[in-house]
Amino acid sequence: MPPLLQYFIRLPSAGLLFIQLLGVLLYPLMEGTQIGPALLGAFGIVVLGAALRMVRRSAAVTWIALVLAAAILVLMLANTLASAWEIKLSLALLESAFYFYAAGSLIFYMMEDQRATTDELFAAGATFTLLAWAFAYLFMACQLVAPDSFVGQVNPGATRSWMDLLFLSFTTLSGVGVGDILPLKPFARALVMLEEFAGVMYFTLVVSRLIGLTILGARR
């Protein structure tokens, strides 16, 4: 077995983080191609499986995640066979709910003891990406319900792509706020404000706690 695969098996949070960051690099290559939607769906299943594995490692109620994952897989298949507005909206909302639940499970996993393990440090990064994905799917649902909710400097009148919305989510959650993609409609702005608040609370409560536990562990 390759050493990298062994490492990811031993530290599943590192594997989830690697897959998520790999997706950030691969999504631009998938978009705009004929087989792009199929590739996005296939990669989404990989991410789903990795996130589900992390949820099952935590003390969270795993049946909720299993039900959400099963529903997402059914809707992915339905969306491939018949790309309807209702299916796209339901899929975006369910995927957002799953990633929020997975992020909450990882936060519980990081907060349940008084020491910071290597896997928990990777979990801090994986949780950030899960939250970014969750809000990006919320943005997508918002755009489906209210077109032109988001505008960008490039092709201002166009519907924002998945990569555009994921970029907006990352910049909002991290507090960078590049500003070339902006929310226009009230509900879109409300979602962005909620993500800004979530980012501040995540760094303040979760990441700072892990840093403190790491410093304490190094002094012992």
# chains A, B, ... in the order shown; residues from 1 in each chain; ligands from 1

call {"tool": "select_by_dssp", "arguments": {"residues": "range 26-194 of chain A", "states": "strand (DSSP E or B)", "output": "list of chain:residue names"}}
result
A:Phe150, A:Val151, A:Gly152, A:Ile181, A:Leu182, A:Pro183

call {"tool": "write_last_selection", "arguments": {"atoms": "all heavy atoms", "output": "CSV table (one decimal), in the first residue's frame"}}
result
chain,number,residue,atom,x,y,z
A,150,PHE,N,-26.3,37.1,-7.6
A,150,PHE,CA,-24.9,37.3,-7.5
A,150,PHE,C,-24.4,37.9,-8.8
A,150,PHE,O,-24.8,37.5,-9.9
A,150,PHE,CB,-24.1,36.1,-7.1
A,150,PHE,CG,-24.5,35.4,-5.9
A,150,PHE,CD1,-25.4,34.4,-5.9
A,150,PHE,CD2,-24.0,35.8,-4.6
A,150,PHE,CE1,-25.9,33.8,-4.7
A,150,PHE,CE2,-24.4,35.2,-3.5
A,150,PHE,CZ,-25.3,34.2,-3.5
A,151,VAL,N,-23.5,38.8,-8.8
A,151,VAL,CA,-22.9,39.4,-10.0
A,151,VAL,C,-21.4,39.4,-9.9
A,151,VAL,O,-20.8,39.4,-8.8
A,151,VAL,CB,-23.4,40.9,-10.1
A,151,VAL,CG1,-22.8,41.8,-9.0
A,151,VAL,CG2,-23.0,41.5,-11.5
A,152,GLY,N,-20.7,39.3,-11.0
A,152,GLY,CA,-19.3,39.3,-11.0
A,152,GLY,C,-18.7,40.3,-12.0
A,152,GLY,O,-19.5,40.8,-12.9
A,181,ILE,N,-16.9,39.1,-6.9
A,181,ILE,CA,-18.3,38.5,-7.0
A,181,ILE,C,-19.1,39.0,-5.8
A,181,ILE,O,-18.6,38.9,-4.6
A,181,ILE,CB,-18.2,37.0,-7.0
A,181,ILE,CG1,-17.4,36.5,-8.2
A,181,ILE,CG2,-19.6,36.4,-7.0
A,181,ILE,CD1,-17.1,35.0,-8.2
A,182,LEU,N,-20.2,39.6,-6.1
A,182,LEU,CA,-20.9,40.3,-5.0
A,182,LEU,C,-22.4,39.8,-4.9
A,182,LEU,O,-23.0,39.5,-6.0
A,182,LEU,CB,-20.9,41.8,-5.3
A,182,LEU,CG,-19.6,42.5,-5.3
A,182,LEU,CD1,-19.7,44.0,-5.7
A,182,LEU,CD2,-18.9,42.5,-3.9
A,183,PRO,N,-22.9,39.8,-3.7
A,183,PRO,CA,-24.4,39.5,-3.6
A,183,PRO,C,-25.2,40.7,-3.9
A,183,PRO,O,-24.8,41.8,-3.4
A,183,PRO,CB,-24.5,39.0,-2.1
A,183,PRO,CG,-23.4,39.7,-1.4
A,183,PRO,CD,-22.3,39.9,-2.4

call {"tool": "residues_around", "arguments": {"residues": "Val206 in chain A", "least_positions_apart": "6", "cutoff": "9 Å", "atoms": "only C-alpha atoms", "output": "mmCIF file with all heavy atoms, in the first residue's frame"}}
result
data_model
loop_
_atom_site.group_PDB
_atom_site.id
_atom_site.type_symbol
_atom_site.label_atom_id
_atom_site.label_comp_id
_atom_site.auth_asym_id
_atom_site.auth_seq_id
_atom_site.Cartn_x
_atom_site.Cartn_y
_atom_site.Cartn_z
ATOM 1 N N ILE A 107 -16.459 19.505 14.242
ATOM 2 C CA ILE A 107 -16.266 20.446 15.347
ATOM 3 C C ILE A 107 -16.467 19.735 16.681
ATOM 4 O O ILE A 107 -15.691 19.915 17.635
ATOM 5 C CB ILE A 107 -17.219 21.646 15.213
ATOM 6 C CG1 ILE A 107 -16.805 22.514 14.022
ATOM 7 C CG2 ILE A 107 -17.235 22.480 16.492
ATOM 8 C CD1 ILE A 107 -17.769 23.633 13.698
ATOM 9 N N MET A 110 -13.428 17.704 17.415
ATOM 10 C CA MET A 110 -12.281 18.495 17.876
ATOM 11 C C MET A 110 -12.467 19.024 19.293
ATOM 12 O O MET A 110 -11.493 19.274 20.003
ATOM 13 C CB MET A 110 -12.038 19.669 16.912
ATOM 14 C CG MET A 110 -11.512 19.263 15.552
ATOM 15 S SD MET A 110 -11.150 20.700 14.498
ATOM 16 C CE MET A 110 -12.804 21.220 14.030
ATOM 17 N N MET A 111 -13.708 19.196 19.708
ATOM 18 C CA MET A 111 -13.974 19.819 21.002
ATOM 19 C C MET A 111 -14.181 18.810 22.126
ATOM 20 O O MET A 111 -14.334 19.210 23.281
ATOM 21 C CB MET A 111 -15.224 20.699 20.902
ATOM 22 C CG MET A 111 -15.155 21.796 19.858
ATOM 23 S SD MET A 111 -14.080 23.164 20.306
ATOM 24 C CE MET A 111 -15.140 24.074 21.425
ATOM 25 N N ALA A 124 -9.308 20.678 11.560
ATOM 26 C CA ALA A 124 -9.591 22.120 11.545
ATOM 27 C C ALA A 124 -9.628 22.642 10.116
ATOM 28 O O ALA A 124 -10.511 23.430 9.742
ATOM 29 C CB ALA A 124 -8.546 22.868 12.363
#

call {"tool": "closest_atom_pairs", "arguments": {"of": "range 77-98 of chain A", "to": "range 128-139 of chain A", "cutoff": "9 Å", "atoms": "only C-alpha atoms", "output": "JSON lines"}}
result
{"residue": "A:Leu91", "atom": "CA", "partner": "A:Tyr137", "partner_atom": "CA", "distance": 8.8}
{"residue": "A:Ala92", "atom": "CA", "partner": "A:Tyr137", "partner_atom": "CA", "distance": 5.2}
{"residue": "A:Leu93", "atom": "CA", "partner": "A:Leu138", "partner_atom": "CA", "distance": 6.4}
{"residue": "A:Leu94", "atom": "CA", "partner": "A:Tyr137", "partner_atom": "CA", "distance": 8.7}
{"residue": "A:Glu95", "atom": "CA", "partner": "A:Tyr137", "partner_atom": "CA", "distance": 6.7}
{"residue": "A:Ser96", "atom": "CA", "partner": "A:Ala134", "partner_atom": "CA", "distance": 4.2}
{"residue": "A:Ala97", "atom": "CA", "partner": "A:Ala134", "partner_atom": "CA", "distance": 7.0}
{"residue": "A:Phe98", "atom": "CA", "partner": "A:Ala134", "partner_atom": "CA", "distance": 7.7}

call {"tool": "write_last_selection", "arguments": {"atoms": "C-alpha atoms", "output": "short mmCIF file (atom, residue, chain, number, x, y, z; two decimals), in the first residue's frame"}}
result
data_model
loop_
_atom_site.label_atom_id
_atom_site.label_comp_id
_atom_site.auth_asym_id
_atom_site.auth_seq_id
_atom_site.Cartn_x
_atom_site.Cartn_y
_atom_site.Cartn_z
CA LEU A 91 -29.88 18.62 -4.54
CA ALA A 92 -28.22 21.93 -3.63
CA LEU A 93 -30.17 22.17 -0.36
CA LEU A 94 -29.48 18.56 0.62
CA GLU A 95 -25.77 18.86 -0.16
CA SER A 96 -25.60 22.04 1.89
CA ALA A 97 -27.34 20.30 4.80
CA PHE A 98 -24.97 17.32 4.57
#

call {"tool": "residues_around", "arguments": {"residues": "Ser208 in chain A", "least_positions_apart": "5", "cutoff": "12 Å", "atoms": "only C-alpha atoms", "output": "list of chain:residue names"}}
result
A:Met110, A:Met111, A:Ala116, A:Leu121, A:Ala124, A:Val200, A:Met201, A:Tyr202, A:Phe203, A:Leu213, A:Thr214, A:Ile215

call {"tool": "residues_around", "arguments": {"residues": "Val154 in chain A", "least_positions_apart": "5", "cutoff": "12 Å", "atoms": "only C-alpha atoms", "output": "VMD selection string"}}
result
chain A and resid 159 to 161 164 180 to 182

call {"tool": "residues_around", "arguments": {"residues": "range 9-14 of chain A", "least_positions_apart": "5", "cutoff": "8 Å", "atoms": "only C-alpha atoms", "output": "list in words"}}
result
Ala50, Arg53, Met54, Thr118, Asp119, Glu120, Phe122, Ala123 and Ala126 of chain A

call {"tool": "write_last_selection", "arguments": {"atoms": "N, CA, C and O atoms", "output": "short mmCIF file (atom, residue, chain, number, x, y, z; two decimals), in the first residue's frame"}}
result
data_model
loop_
_atom_site.label_atom_id
_atom_site.label_comp_id
_atom_site.auth_asym_id
_atom_site.auth_seq_id
_atom_site.Cartn_x
_atom_site.Cartn_y
_atom_site.Cartn_z
N ALA A 50 -15.75 10.62 1.57
CA ALA A 50 -14.71 10.99 2.54
C ALA A 50 -15.31 11.72 3.73
O ALA A 50 -14.93 11.49 4.88
N ARG A 53 -17.18 9.27 5.97
CA ARG A 53 -16.25 8.48 6.79
C ARG A 53 -15.83 9.26 8.03
O ARG A 53 -15.72 8.69 9.12
N MET A 54 -15.63 10.57 7.89
CA MET A 54 -15.25 11.38 9.05
C MET A 54 -16.41 11.52 10.03
O MET A 54 -16.22 11.49 11.24
N THR A 118 -2.83 15.22 16.00
CA THR A 118 -2.50 15.59 14.62
C THR A 118 -3.73 15.52 13.73
O THR A 118 -3.95 16.39 12.88
N ASP A 119 -4.57 14.49 13.93
CA ASP A 119 -5.77 14.36 13.11
C ASP A 119 -6.73 15.52 13.37
O ASP A 119 -7.40 15.99 12.44
N GLU A 120 -6.80 16.00 14.61
CA GLU A 120 -7.68 17.12 14.91
C GLU A 120 -7.18 18.41 14.27
O GLU A 120 -7.98 19.27 13.87
N PHE A 122 -5.61 18.54 11.37
CA PHE A 122 -6.07 18.43 9.99
C PHE A 122 -7.59 18.63 9.90
O PHE A 122 -8.10 19.18 8.92
N ALA A 123 -8.30 18.19 10.94
CA ALA A 123 -9.75 18.35 10.96
C ALA A 123 -10.14 19.82 10.96
O ALA A 123 -11.20 20.19 10.43
N ALA A 126 -10.09 20.68 7.38
CA ALA A 126 -11.18 19.99 6.68
C ALA A 126 -12.52 20.62 7.01
O ALA A 126 -13.39 20.74 6.15
#

call {"tool": "closest_residue", "arguments": {"among": "A:Ile87, A:Ile19, A:Ala69, A:Ala158", "to": "Tyr101 in chain A", "atoms": "only C-alpha atoms"}}
result
A:Ala69
